[in-house]
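Asks: The structure is given below, and queries will be raised subsequently.
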Amino acid sequence: MSALLETVDVRMAYGPFLALDGITLAISEGELVSIVGPNGAGKTTLVNVLTGLLAPTSGVVRFKGSDIAGVGPVTLAQRGMARAFQLVHVFPCMTVAETIAVAVVSQSGKSMRFFAPVREDAAVNRRVREVAEIFGLERKLATEARLLSQGEKKLLDIASAFALAPEVILLDEPTSGVSSADKHALMRNVVDAARKAGVKAIILVEHDMDLVAEYSTRIVAIQAGRVLADRPPAEFFADPGIIAAIVGKRVGRLAKEH
Amino acid sequence: MRAGLVVAAVAVLLALPHVLGPYYMTLVLPAIAYGIALLGYNLLFGYGGLLSFGHALFVAIGAYCAAVLSTRLGIRSFEAMLLAAGAAAVAVSIPVGLLSVRYVKIFFGILTLAFGMLFHSFLFKFYNITGGDTGIHVSRPSLFGRDFADLGQIAFLVGPFYYYCVGLLVALGFAMWRIVHSPFGLHLVATRENRRKSEYLGVRVRLFRLIAFAISALYCSVGGVILAVNTGQADPELAYWTHSGDLVFMTVLGGFASFFGPIIGAFTFVLLKAQLTGMTDYWRFWLGVILLAIVILFPRGIAGLGRDLWARVRKA
Amino acid sequence: MIAFLDVVIGGVFHAAVLFLVAAGLQLVFGVQKIVNLACGSFYALGAYFGVSAVTWALGAGLPPALFLPVLLAAGLAIGLIGPFIEALLLTVYHRDEAFQLLLTFALVLMFEDVLRYFWGADPQQLGNLVMTYGTLSAGPLKVPTYNVLVIAASIAIAAGLGAFLRRTRFGRILRATAENREMSLALGVNVRWIYASVFTLGTVLGTVGGALVVPTAAASLDMPVSLVVEAFAVVVIGGLGSMRGALLGALIVGLMRAAAISWYSELEMLSIYLVVIVVLVLRPAGLFGKPVE
């Protein structure tokens, strides 16, 4: 299977400091790849390269076969990749419905329409409702984003990324700030929604190793700008070397589960 | 409910010539001109989040187009003036906009201020073309080809011309309402609310800001044409920064977070200014004081006050 | 060649004065995150007040050679309206930037009429007083000594400001508050007082700048707007928050302005705005700060 999103020997240098030192990875259809690693390991830089925000100093990054080095968020969204952030970004004075509609409208190529009220566009409204229902926000459609709870804002952020009908979605710590009880529910929702929505691959940046273990098809561990390991969960957690480097003290519990 | 209010307001406007004497009618025309201009200005400011201190530039372009067409080129059709003014304003707005929308808020304001003053200096200095500080005379236009030669200047202005302008206000207002509620409008608001997030949702921020800029220029130039026909003169002071300041003031006074706010602001401003200039030479000082009071005490302007009042009445 | 050097000196002189205003802007922005559209109005106020002060002093028997200290004193004195203006700004500190712009813009409107009320619509000037200090000559080149004095003064103030910010306790507290207001508050710093002081310092830099320029240029009602636009061009080149940038920016804008005026002297106003627009548009990327999104 050819890769949907891949990097080939990507290096990112900030002056003398090498944030990424030769990263090669490929993400194919049907995968949920988690990127893990300690803070400062280069995860954020890698994610920025993967999502076309940063052009690597050397190496190639390709999405669906075309080079996306530094293309920027707008082009990326148009090509079919969406990203949800760790720090919640909302449109404070726009309602949930309007926020999701922004994505729906841009995805359906209708953004250059000047005289047709969005309110009256049945197709857009139907899709907005669909997406809102997936994330349990259908009762808050008319609420302004700034009045939502932190958790709901998070959901809205992810929901609006989904509304782009992307082929690949990158979730940056989607469950941070969400209570432990809700984490699994959120992840399940997201994975199900992705399947239903035709999302072909998910990239997950997470610190919560339980979630990573449960939902990933593959785990990529980054350390000091390099790929430490790139394995399916079973192999990943079976390797004590990796565990010690990345997971640290949770060896006991996970060792028991796998 | 809102539709009812609008219909009532239009009805009132149409009835005004029969109720008010000519003195007050000469105030209503500029109010309508500014109302149209501000509909466009607020697209950029209220909806797009870009505060321009130079939009009098486009009002002046409209006025001078009307003047040049009628006096220098002998074209008396009001429709031609409107078309020429709109085309000229959009044409100028594209390079100015392209240069300006790259910049973050305050610098956008300063750059637009600079462009406005550049145009003012140009109008002033190149007096061979522009008539210098006296400006250019504007001859009375024909409406839909009709001359109304039998009417005196005042009768023309408060009669057929007035109704035409009310029609323009309604038509352009309706168009702006649709624009603001369209997909374009939605995306424009998104760029104001969170520029970065809107990019991630596929919104081409700079392009949309540029389009909003051009539309605002168009509306301002139409306002300028009406102003020029009303006074019979196009002069450089129309492009001076204080005139841009008037536009800002009116918008904030009326309430930039509301669709109708700026129109309310236009009418209020014209009345207010008429009162103030009657009382003192230093009326701009008092305008500044009022702007200060609005910013500090009721930033949502008159429209905001109205909404709060209405909410309180509903609760009682 | 002479003409060229004349333009350079004229440009550096204007840059010296511009730098003072821009430095004031930078300080206020750095500490309080407020951008003050009324900085040009303060400049004009200093200019007008300077004219009045010197004219009065001369009338009261002051020997002409002492006009410079009087100018400086006048600039300093009128700058003390700073705290009162700052009190007004309190209301918009934590609100959207648009309100800051609107509030300072309201001040510009008010100042316009205040200036007109006290000094009328005609430009005010000090005639040939600038020549009291004579001219310096280096070969065929002649420069009014006054201009050189002002340039020297500006450099001194720049150095003084730099030292003040880096070496005094107050300067350190200032920089700390600029970095992290909450922390400073937690450490017992009287942030209110810091804000008032910094704003006043910024105002004084503006009024002194205006006072210093007035012997060579008339105080006029055009000043507030043309200066604001120039000051921001300086800040754009130099970056918002960098003193070194303000210096470089002031030099570039000052020199370009002098060049434009000498080329098209009738179009003075027009060329100033043109210069500012060109500078704002061609701003070299990554020079010191980031006014572009």
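Just so we're on the same page: first chain in the structure tokens is A, next is B, and so on; residues restart at 1 for each chain, and ligands are numbered from 1 in the order they show up.
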Taking only C-alpha atoms into account, find every residue of chain B that has an atom no more than 12 Å from chain A, and write it out as a VMD selection string.

Replies: chain B and resid 47 174 to 208 211 to 212 215 257

Asks: Could you name the residues that touch Gly254 of chain C at 8 Å or less, counting only C-alpha atoms, but leaving out those on the same chain fewer than 4 positions away, as a ChimeraX atom specification?

Replies: /C:10-15,18,250,258

Asks: Near chain B, meaning an atom within 10 Å, which residues of chain C appear when counting only C-alpha atoms? Write them as a compact mmCIF listing (two decimals) with N, CA and C atoms, in the first residue's frame.

Replies:
```
# COMPACT_ATOMS: atom_id res chain seq x y z
N VAL C 35 -0.53 50.99 22.15
CA VAL C 35 0.00 51.73 21.02
C VAL C 35 -0.70 53.08 21.01
N ASN C 36 0.08 54.12 21.07
CA ASN C 36 -0.49 55.43 21.30
C ASN C 36 -0.56 56.26 20.02
N LEU C 37 -1.75 56.33 19.42
CA LEU C 37 -1.92 57.13 18.22
C LEU C 37 -1.72 58.61 18.48
N LEU C 88 -6.76 57.86 31.74
CA LEU C 88 -7.82 57.56 30.80
C LEU C 88 -7.62 56.19 30.16
N LEU C 89 -6.36 55.90 29.86
CA LEU C 89 -6.06 54.65 29.16
C LEU C 89 -6.32 53.43 30.02
N LEU C 90 -6.34 53.61 31.33
CA LEU C 90 -6.63 52.52 32.25
C LEU C 90 -7.84 51.73 31.80
N THR C 91 -8.81 52.47 31.25
CA THR C 91 -10.08 51.83 30.93
C THR C 91 -9.98 50.84 29.78
N VAL C 92 -8.91 50.93 28.99
CA VAL C 92 -8.86 50.03 27.83
C VAL C 92 -7.69 49.06 27.85
N GLU C 97 -7.66 45.40 21.12
CA GLU C 97 -6.79 46.46 20.62
C GLU C 97 -7.55 47.55 19.90
N ALA C 98 -8.66 47.18 19.27
CA ALA C 98 -9.43 48.19 18.54
C ALA C 98 -9.85 49.33 19.47
N PHE C 99 -10.16 48.99 20.73
CA PHE C 99 -10.58 50.05 21.64
C PHE C 99 -9.44 50.97 22.03
N GLN C 100 -8.24 50.40 22.11
CA GLN C 100 -7.08 51.25 22.36
C GLN C 100 -6.93 52.26 21.23
N LEU C 101 -7.03 51.72 20.01
CA LEU C 101 -6.91 52.59 18.84
C LEU C 101 -7.98 53.67 18.87
N LEU C 102 -9.20 53.26 19.18
CA LEU C 102 -10.29 54.22 19.17
C LEU C 102 -10.11 55.28 20.25
N LEU C 103 -9.65 54.84 21.42
CA LEU C 103 -9.50 55.81 22.50
C LEU C 103 -8.38 56.80 22.18
N THR C 104 -7.24 56.28 21.75
CA THR C 104 -6.16 57.22 21.44
C THR C 104 -6.53 58.07 20.23
N PHE C 105 -7.35 57.53 19.33
CA PHE C 105 -7.80 58.32 18.21
C PHE C 105 -8.70 59.46 18.68
N ALA C 106 -9.55 59.16 19.65
CA ALA C 106 -10.41 60.21 20.21
C ALA C 106 -9.52 61.33 20.76
N LEU C 107 -8.41 60.94 21.38
CA LEU C 107 -7.47 61.94 21.92
C LEU C 107 -6.90 62.80 20.80
N VAL C 108 -6.58 62.15 19.68
CA VAL C 108 -6.04 62.91 18.55
C VAL C 108 -7.05 63.96 18.10
N LEU C 109 -8.31 63.54 17.98
CA LEU C 109 -9.37 64.48 17.59
C LEU C 109 -9.45 65.64 18.56
N MET C 110 -9.40 65.31 19.85
CA MET C 110 -9.52 66.36 20.85
C MET C 110 -8.33 67.31 20.80
N PHE C 111 -7.14 66.74 20.68
CA PHE C 111 -5.95 67.57 20.64
C PHE C 111 -5.95 68.52 19.45
N GLU C 112 -6.48 68.03 18.33
CA GLU C 112 -6.52 68.86 17.13
C GLU C 112 -7.19 70.18 17.44
N ASP C 113 -8.33 70.11 18.10
CA ASP C 113 -9.04 71.35 18.43
C ASP C 113 -8.40 72.11 19.59
N VAL C 114 -7.81 71.38 20.52
CA VAL C 114 -7.12 72.06 21.62
C VAL C 114 -5.99 72.92 21.06
N ARG C 116 -5.77 74.08 18.08
CA ARG C 116 -6.33 75.17 17.31
C ARG C 116 -6.86 76.28 18.23
N TYR C 117 -7.42 75.84 19.35
CA TYR C 117 -8.00 76.80 20.30
C TYR C 117 -6.92 77.71 20.89
N VAL C 225 -0.68 64.26 12.61
CA VAL C 225 -0.91 63.11 11.72
C VAL C 225 0.35 62.71 10.96
N SER C 226 1.07 63.70 10.44
CA SER C 226 2.26 63.30 9.66
C SER C 226 3.26 62.64 10.56
N VAL C 228 2.65 60.83 13.41
CA VAL C 228 2.20 59.49 13.78
C VAL C 228 2.57 58.50 12.69
N VAL C 229 2.30 58.92 11.46
CA VAL C 229 2.56 58.04 10.34
C VAL C 229 4.06 57.74 10.21
N GLU C 230 4.87 58.77 10.38
CA GLU C 230 6.33 58.55 10.32
C GLU C 230 6.82 57.68 11.47
N ALA C 231 6.31 57.98 12.66
CA ALA C 231 6.75 57.21 13.84
C ALA C 231 6.44 55.74 13.65
N PHE C 232 5.30 55.44 13.08
CA PHE C 232 4.97 54.04 12.88
C PHE C 232 5.80 53.40 11.79
N ALA C 233 6.17 54.20 10.80
CA ALA C 233 7.08 53.66 9.79
C ALA C 233 8.38 53.26 10.47
N VAL C 235 8.78 52.35 13.54
CA VAL C 235 8.55 51.15 14.34
C VAL C 235 8.43 49.91 13.47
N VAL C 236 7.86 50.07 12.29
CA VAL C 236 7.73 48.93 11.40
C VAL C 236 9.09 48.44 10.95
N GLU C 266 8.02 71.00 -3.40
CA GLU C 266 6.65 71.51 -3.33
C GLU C 266 5.71 70.45 -2.82
N LEU C 267 6.13 69.20 -3.01
CA LEU C 267 5.21 68.14 -2.65
C LEU C 267 5.51 67.61 -1.26
N GLU C 268 6.01 68.49 -0.40
CA GLU C 268 6.51 68.03 0.89
C GLU C 268 5.60 67.05 1.61
N MET C 269 4.35 67.47 1.83
CA MET C 269 3.44 66.60 2.57
C MET C 269 3.24 65.28 1.85
N LEU C 270 3.02 65.42 0.54
CA LEU C 270 2.76 64.24 -0.26
C LEU C 270 3.94 63.29 -0.18
N SER C 271 5.15 63.87 -0.30
CA SER C 271 6.31 62.98 -0.33
C SER C 271 6.52 62.30 1.01
N ILE C 272 6.15 62.98 2.08
CA ILE C 272 6.30 62.32 3.38
C ILE C 272 5.43 61.08 3.45
N TYR C 273 4.17 61.24 3.05
CA TYR C 273 3.29 60.07 3.10
C TYR C 273 3.74 59.00 2.14
N LEU C 274 4.24 59.42 0.99
CA LEU C 274 4.72 58.46 0.01
C LEU C 274 5.88 57.66 0.58
N VAL C 275 6.78 58.38 1.22
CA VAL C 275 7.94 57.72 1.83
C VAL C 275 7.48 56.69 2.85
N VAL C 276 6.56 57.11 3.69
CA VAL C 276 6.07 56.20 4.72
C VAL C 276 5.46 54.96 4.10
N ILE C 277 4.66 55.16 3.06
CA ILE C 277 4.02 54.01 2.42
C ILE C 277 5.07 53.10 1.80
N LEU C 280 6.72 51.21 4.54
CA LEU C 280 5.84 50.21 5.12
C LEU C 280 5.67 49.03 4.17
N VAL C 281 5.71 49.31 2.89
CA VAL C 281 5.47 48.25 1.92
C VAL C 281 6.72 47.43 1.64
N LEU C 282 7.85 48.12 1.60
CA LEU C 282 9.08 47.41 1.28
C LEU C 282 9.80 46.91 2.51
N LYS C 290 7.89 42.05 14.56
CA LYS C 290 6.94 41.46 13.61
C LYS C 290 5.62 42.18 13.51
N PRO C 291 5.52 43.24 12.75
CA PRO C 291 4.21 43.87 12.60
C PRO C 291 3.36 43.22 11.53
N VAL C 292 3.99 42.29 10.78
CA VAL C 292 3.23 41.63 9.72
C VAL C 292 2.74 40.30 10.25
N GLU C 293 1.57 39.93 9.87
CA GLU C 293 1.02 38.66 10.37
C GLU C 293 1.68 37.47 9.71
```

Asks: Pick out each residue of segment 1-230 of chain A that DSSP on the backbone tags as strand (DSSP E); I need them as a count of residues only.

Replies: 59

Asks: Residues within 12 Å of segment 17-23 of chain A, please, as an MDAnalysis selection string. Count only C-alpha atoms; anything in the same chain fewer than 3 positions from it doesn't count.

Replies: chainID A and resid 6:14 26 39:50 54:61 220:230

Asks: Need to verify the contact set: Phe236 of chain A, 12 Å, only C-alpha atoms, exclusion of same-chain residues closer than 2 positions in sequence. Can you return it as a VMD selection string?

Replies: chain A and resid 34 36 209 212 to 213 216 to 221 228 to 234 238 to 247 251 254 to 255 258

Asks: Using N, CA and C atoms, can you export the residues from the last selection as a compact mmCIF listing (two decimals), in the first residue's frame?

Replies:
```txt
# COMPACT_ATOMS: atom_id res chain seq x y z
N SER A 34 0.34 6.67 16.41
CA SER A 34 0.58 7.58 17.52
C SER A 34 2.03 8.00 17.55
N VAL A 36 4.78 9.44 19.99
CA VAL A 36 5.01 9.65 21.41
C VAL A 36 6.46 10.06 21.64
N MET A 209 -0.42 6.91 27.68
CA MET A 209 -0.01 5.66 27.04
C MET A 209 -1.12 4.61 27.02
N VAL A 212 -2.88 5.35 23.88
CA VAL A 212 -2.00 4.98 22.78
C VAL A 212 -2.01 3.48 22.58
N ALA A 213 -1.90 2.76 23.68
CA ALA A 213 -1.87 1.30 23.59
C ALA A 213 -3.16 0.76 23.01
N SER A 216 -3.94 2.60 18.89
CA SER A 216 -3.03 2.74 17.75
C SER A 216 -2.88 1.47 16.96
N THR A 217 -2.63 1.63 15.67
CA THR A 217 -2.22 0.46 14.88
C THR A 217 -0.70 0.42 14.85
N ARG A 218 -0.09 1.57 15.15
CA ARG A 218 1.36 1.66 15.13
C ARG A 218 1.79 2.79 16.05
N ILE A 219 2.93 2.62 16.70
CA ILE A 219 3.41 3.68 17.59
C ILE A 219 4.80 4.11 17.13
N VAL A 220 4.97 5.40 16.99
CA VAL A 220 6.27 5.94 16.61
C VAL A 220 6.81 6.72 17.79
N ALA A 221 7.96 6.32 18.29
CA ALA A 221 8.54 7.02 19.43
C ALA A 221 9.67 7.92 18.94
N LEU A 228 12.98 6.54 17.49
CA LEU A 228 13.52 5.51 18.37
C LEU A 228 12.92 4.15 18.04
N ALA A 229 11.63 4.18 17.72
CA ALA A 229 10.95 2.93 17.40
C ALA A 229 9.72 3.22 16.57
N ASP A 230 9.36 2.26 15.76
CA ASP A 230 8.21 2.43 14.86
C ASP A 230 7.56 1.05 14.73
N ARG A 231 6.75 0.71 15.73
CA ARG A 231 6.22 -0.66 15.79
C ARG A 231 4.75 -0.68 16.14
N PRO A 232 4.09 -1.80 15.82
CA PRO A 232 2.73 -1.99 16.34
C PRO A 232 2.74 -2.11 17.86
N PRO A 233 1.65 -1.81 18.54
CA PRO A 233 1.63 -1.74 20.00
C PRO A 233 2.18 -2.99 20.69
N ALA A 234 1.79 -4.16 20.19
CA ALA A 234 2.24 -5.38 20.87
C ALA A 234 3.75 -5.42 20.96
N ALA A 238 6.32 -4.69 24.23
CA ALA A 238 7.06 -5.89 24.65
C ALA A 238 8.55 -5.62 24.76
N ASP A 239 8.97 -4.47 24.23
CA ASP A 239 10.40 -4.20 24.21
C ASP A 239 10.78 -3.36 25.44
N PRO A 240 11.47 -3.94 26.37
CA PRO A 240 11.78 -3.23 27.62
C PRO A 240 12.66 -2.00 27.38
N GLY A 241 13.49 -2.05 26.36
CA GLY A 241 14.35 -0.91 26.08
C GLY A 241 13.52 0.32 25.74
N ILE A 242 12.53 0.08 24.88
CA ILE A 242 11.66 1.19 24.48
C ILE A 242 10.87 1.69 25.68
N ILE A 243 10.35 0.73 26.41
CA ILE A 243 9.53 1.09 27.56
C ILE A 243 10.32 1.99 28.51
N ALA A 244 11.51 1.57 28.78
CA ALA A 244 12.31 2.35 29.74
C ALA A 244 12.55 3.76 29.21
N ALA A 245 12.82 3.85 27.95
CA ALA A 245 13.16 5.17 27.39
C ALA A 245 11.95 6.09 27.34
N ILE A 246 10.82 5.53 26.94
CA ILE A 246 9.67 6.41 26.69
C ILE A 246 8.65 6.36 27.81
N VAL A 247 8.34 5.14 28.21
CA VAL A 247 7.19 5.01 29.09
C VAL A 247 7.56 5.19 30.55
N VAL A 251 5.84 0.53 33.42
CA VAL A 251 6.21 -0.79 32.92
C VAL A 251 5.35 -1.88 33.52
N LEU A 254 1.55 -2.11 32.24
CA LEU A 254 1.43 -2.43 30.83
C LEU A 254 2.02 -3.80 30.53
N ALA A 255 3.11 -4.11 31.24
CA ALA A 255 3.72 -5.42 31.03
C ALA A 255 2.69 -6.50 31.32
N HIS A 258 0.00 -6.71 28.34
CA HIS A 258 0.41 -7.28 27.05
C HIS A 258 1.17 -8.56 27.26
```

Asks: Could you give me, as an MDAnalysis selection string, the residues within 8 Å of Ala89 of chain B, counting only C-alpha atoms and dropping anything in the same chain fewer than 3 positions from it?

Replies: chainID B and resid 58 61:62 85:86 92:93 214 217:218 221

Asks: Please measure the separation of atom CA of Gly306 of chain B and atom CA of Gly265 of chain B, giving the value in Å to one decimal.

Replies: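 These two atoms are separated by 12.4 Å.
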
Asks: Got a sec to tell me which of segment 11-257 of chain A DSSP assigns to helix (DSSP H, G or I), as number ranges by chain?

Replies: A: 43-50, 73-79, 96-107, 118-120, 122-134, 138-140, 145-147, 150-162, 180-197, 209-215, 233-238, 240-257

Asks: Give me a file of those residues, with C-alpha atoms, as an mmCIF file, in the first residue's frame.

Replies:
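Saved the output as result_21.cif:
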```cif
data_model
loop_
_atom_site.group_PDB
_atom_site.id
_atom_site.type_symbol
_atom_site.label_atom_id
_atom_site.label_comp_id
_atom_site.auth_asym_id
_atom_site.auth_seq_id
_atom_site.Cartn_x
_atom_site.Cartn_y
_atom_site.Cartn_z
ATOM 1 C CA LYS A 43 7.306 15.904 18.292
ATOM 2 C CA THR A 44 5.925 19.370 17.721
ATOM 3 C CA THR A 45 8.465 20.121 15.035
ATOM 4 C CA LEU A 46 7.704 16.825 13.341
ATOM 5 C CA VAL A 47 4.010 17.533 13.481
ATOM 6 C CA ASN A 48 4.533 20.986 11.996
ATOM 7 C CA VAL A 49 6.502 19.454 9.151
ATOM 8 C CA LEU A 50 3.921 16.739 8.599
ATOM 9 C CA PRO A 73 -2.676 25.440 6.576
ATOM 10 C CA VAL A 74 -5.097 26.672 3.943
ATOM 11 C CA THR A 75 -3.649 24.595 1.103
ATOM 12 C CA LEU A 76 -3.383 21.650 3.427
ATOM 13 C CA ALA A 77 -7.042 21.875 4.347
ATOM 14 C CA GLN A 78 -7.929 22.049 0.683
ATOM 15 C CA ARG A 79 -5.819 18.992 -0.088
ATOM 16 C CA VAL A 96 -21.153 25.988 17.434
ATOM 17 C CA ALA A 97 -23.205 25.723 14.271
ATOM 18 C CA GLU A 98 -21.396 28.618 12.649
ATOM 19 C CA THR A 99 -17.991 27.256 13.605
ATOM 20 C CA ILE A 100 -18.668 23.902 12.050
ATOM 21 C CA ALA A 101 -20.246 25.637 9.086
ATOM 22 C CA VAL A 102 -16.993 27.472 8.392
ATOM 23 C CA ALA A 103 -15.335 24.150 7.732
ATOM 24 C CA VAL A 104 -18.264 22.682 5.834
ATOM 25 C CA VAL A 105 -18.496 25.713 3.583
ATOM 26 C CA SER A 106 -14.805 25.814 2.813
ATOM 27 C CA GLN A 107 -14.719 22.099 2.128
ATOM 28 C CA VAL A 118 -25.801 30.219 4.821
ATOM 29 C CA ARG A 119 -28.829 29.720 7.031
ATOM 30 C CA GLU A 120 -30.872 28.676 4.037
ATOM 31 C CA ALA A 122 -29.998 22.848 3.538
ATOM 32 C CA ALA A 123 -26.996 20.755 2.564
ATOM 33 C CA VAL A 124 -24.666 22.765 4.775
ATOM 34 C CA ASN A 125 -27.050 22.722 7.705
ATOM 35 C CA ARG A 126 -27.580 18.994 7.429
ATOM 36 C CA ARG A 127 -23.863 18.336 7.474
ATOM 37 C CA VAL A 128 -23.337 20.727 10.397
ATOM 38 C CA ARG A 129 -25.929 18.836 12.369
ATOM 39 C CA GLU A 130 -24.368 15.477 11.427
ATOM 40 C CA VAL A 131 -20.956 16.502 12.632
ATOM 41 C CA ALA A 132 -22.332 18.075 15.796
ATOM 42 C CA GLU A 133 -24.210 14.854 16.615
ATOM 43 C CA ILE A 134 -21.081 12.765 16.294
ATOM 44 C CA GLU A 138 -26.190 18.988 18.771
ATOM 45 C CA ARG A 139 -27.920 20.645 21.689
ATOM 46 C CA LYS A 140 -25.427 23.454 21.774
ATOM 47 C CA ALA A 145 -18.176 29.187 21.549
ATOM 48 C CA ARG A 146 -16.934 31.403 24.359
ATOM 49 C CA LEU A 147 -19.817 30.190 26.553
ATOM 50 C CA GLN A 150 -13.467 23.745 28.266
ATOM 51 C CA GLY A 151 -14.285 20.168 27.330
ATOM 52 C CA GLU A 152 -16.989 21.255 24.899
ATOM 53 C CA LYS A 153 -14.589 23.721 23.291
ATOM 54 C CA LYS A 154 -12.178 20.843 22.788
ATOM 55 C CA LEU A 155 -14.884 18.790 21.154
ATOM 56 C CA LEU A 156 -15.812 21.696 18.935
ATOM 57 C CA ASP A 157 -12.212 22.111 17.864
ATOM 58 C CA ILE A 158 -12.017 18.469 16.840
ATOM 59 C CA ALA A 159 -15.472 18.558 15.323
ATOM 60 C CA SER A 160 -14.638 21.504 13.109
ATOM 61 C CA ALA A 161 -11.510 19.716 11.899
ATOM 62 C CA PHE A 162 -13.690 16.697 11.078
ATOM 63 C CA SER A 180 -9.996 10.609 32.725
ATOM 64 C CA ALA A 181 -13.499 9.207 32.681
ATOM 65 C CA ASP A 182 -14.221 10.957 29.408
ATOM 66 C CA LYS A 183 -10.930 10.259 27.663
ATOM 67 C CA HIS A 184 -11.875 6.844 26.378
ATOM 68 C CA ALA A 185 -15.313 7.963 25.374
ATOM 69 C CA LEU A 186 -13.799 10.814 23.392
ATOM 70 C CA MET A 187 -11.260 8.601 21.665
ATOM 71 C CA ARG A 188 -13.899 6.042 20.783
ATOM 72 C CA ASN A 189 -16.123 8.767 19.392
ATOM 73 C CA VAL A 190 -13.303 10.186 17.353
ATOM 74 C CA VAL A 191 -12.202 6.852 15.917
ATOM 75 C CA ASP A 192 -15.779 5.845 15.081
ATOM 76 C CA ALA A 193 -16.506 9.216 13.583
ATOM 77 C CA ALA A 194 -13.368 8.993 11.510
ATOM 78 C CA ARG A 195 -14.406 5.646 10.148
ATOM 79 C CA LYS A 196 -17.879 6.842 9.321
ATOM 80 C CA ALA A 197 -16.614 10.046 7.800
ATOM 81 C CA MET A 209 -0.015 5.657 27.045
ATOM 82 C CA ASP A 210 -3.199 3.790 27.876
ATOM 83 C CA LEU A 211 -4.968 5.468 25.023
ATOM 84 C CA VAL A 212 -1.999 4.982 22.780
ATOM 85 C CA ALA A 213 -1.870 1.305 23.594
ATOM 86 C CA GLU A 214 -5.578 0.814 23.034
ATOM 87 C CA TYR A 215 -6.194 2.661 19.800
ATOM 88 C CA PRO A 233 1.634 -1.738 20.002
ATOM 89 C CA ALA A 234 2.235 -5.381 20.865
ATOM 90 C CA GLU A 235 5.859 -5.248 19.806
ATOM 91 C CA PHE A 236 6.267 -1.753 21.163
ATOM 92 C CA PHE A 237 5.252 -2.582 24.697
ATOM 93 C CA ALA A 238 7.056 -5.892 24.650
ATOM 94 C CA PRO A 240 11.784 -3.230 27.619
ATOM 95 C CA GLY A 241 14.346 -0.908 26.081
ATOM 96 C CA ILE A 242 11.662 1.193 24.485
ATOM 97 C CA ILE A 243 9.530 1.094 27.555
ATOM 98 C CA ALA A 244 12.307 2.353 29.738
ATOM 99 C CA ALA A 245 13.156 5.168 27.394
ATOM 100 C CA ILE A 246 9.673 6.405 26.690
ATOM 101 C CA VAL A 247 7.187 5.015 29.086
ATOM 102 C CA GLY A 248 9.181 5.011 32.241
ATOM 103 C CA LYS A 249 7.505 3.833 35.387
ATOM 104 C CA ARG A 250 4.358 2.357 33.875
ATOM 105 C CA VAL A 251 6.215 -0.788 32.921
ATOM 106 C CA GLY A 252 4.516 -2.871 35.536
ATOM 107 C CA ARG A 253 0.927 -2.316 34.553
ATOM 108 C CA LEU A 254 1.433 -2.429 30.830
ATOM 109 C CA ALA A 255 3.717 -5.420 31.026
ATOM 110 C CA LYS A 256 0.821 -7.217 32.659
ATOM 111 C CA GLU A 257 -1.674 -6.190 29.976
#
```

Asks: So, counting only C-alpha atoms, which residue among C:Gly162, C:Gly210, C:Pro215, C:Gly82 is closest to Thr132 of chain C?

Replies: C:Pro215

Asks: Looking at B:Pro262, B:Gly152, B:Pro160, B:Gly97, which one is nearest to Arg209 of chain B, with distances taken over only C-alpha atoms?

Replies: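 Ranked by minimum distance to Arg209 of chain B, first place goes to B:Gly97.
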
Asks: Which neighbours of segment 164-166 of chain C fall inside 8 Å, counting only C-alpha atoms, when residues of the same chain fewer than 6 positions from it are skipped, and could you give them as a list in words?

Replies: Arg172, Leu174 and Arg175 of chain C
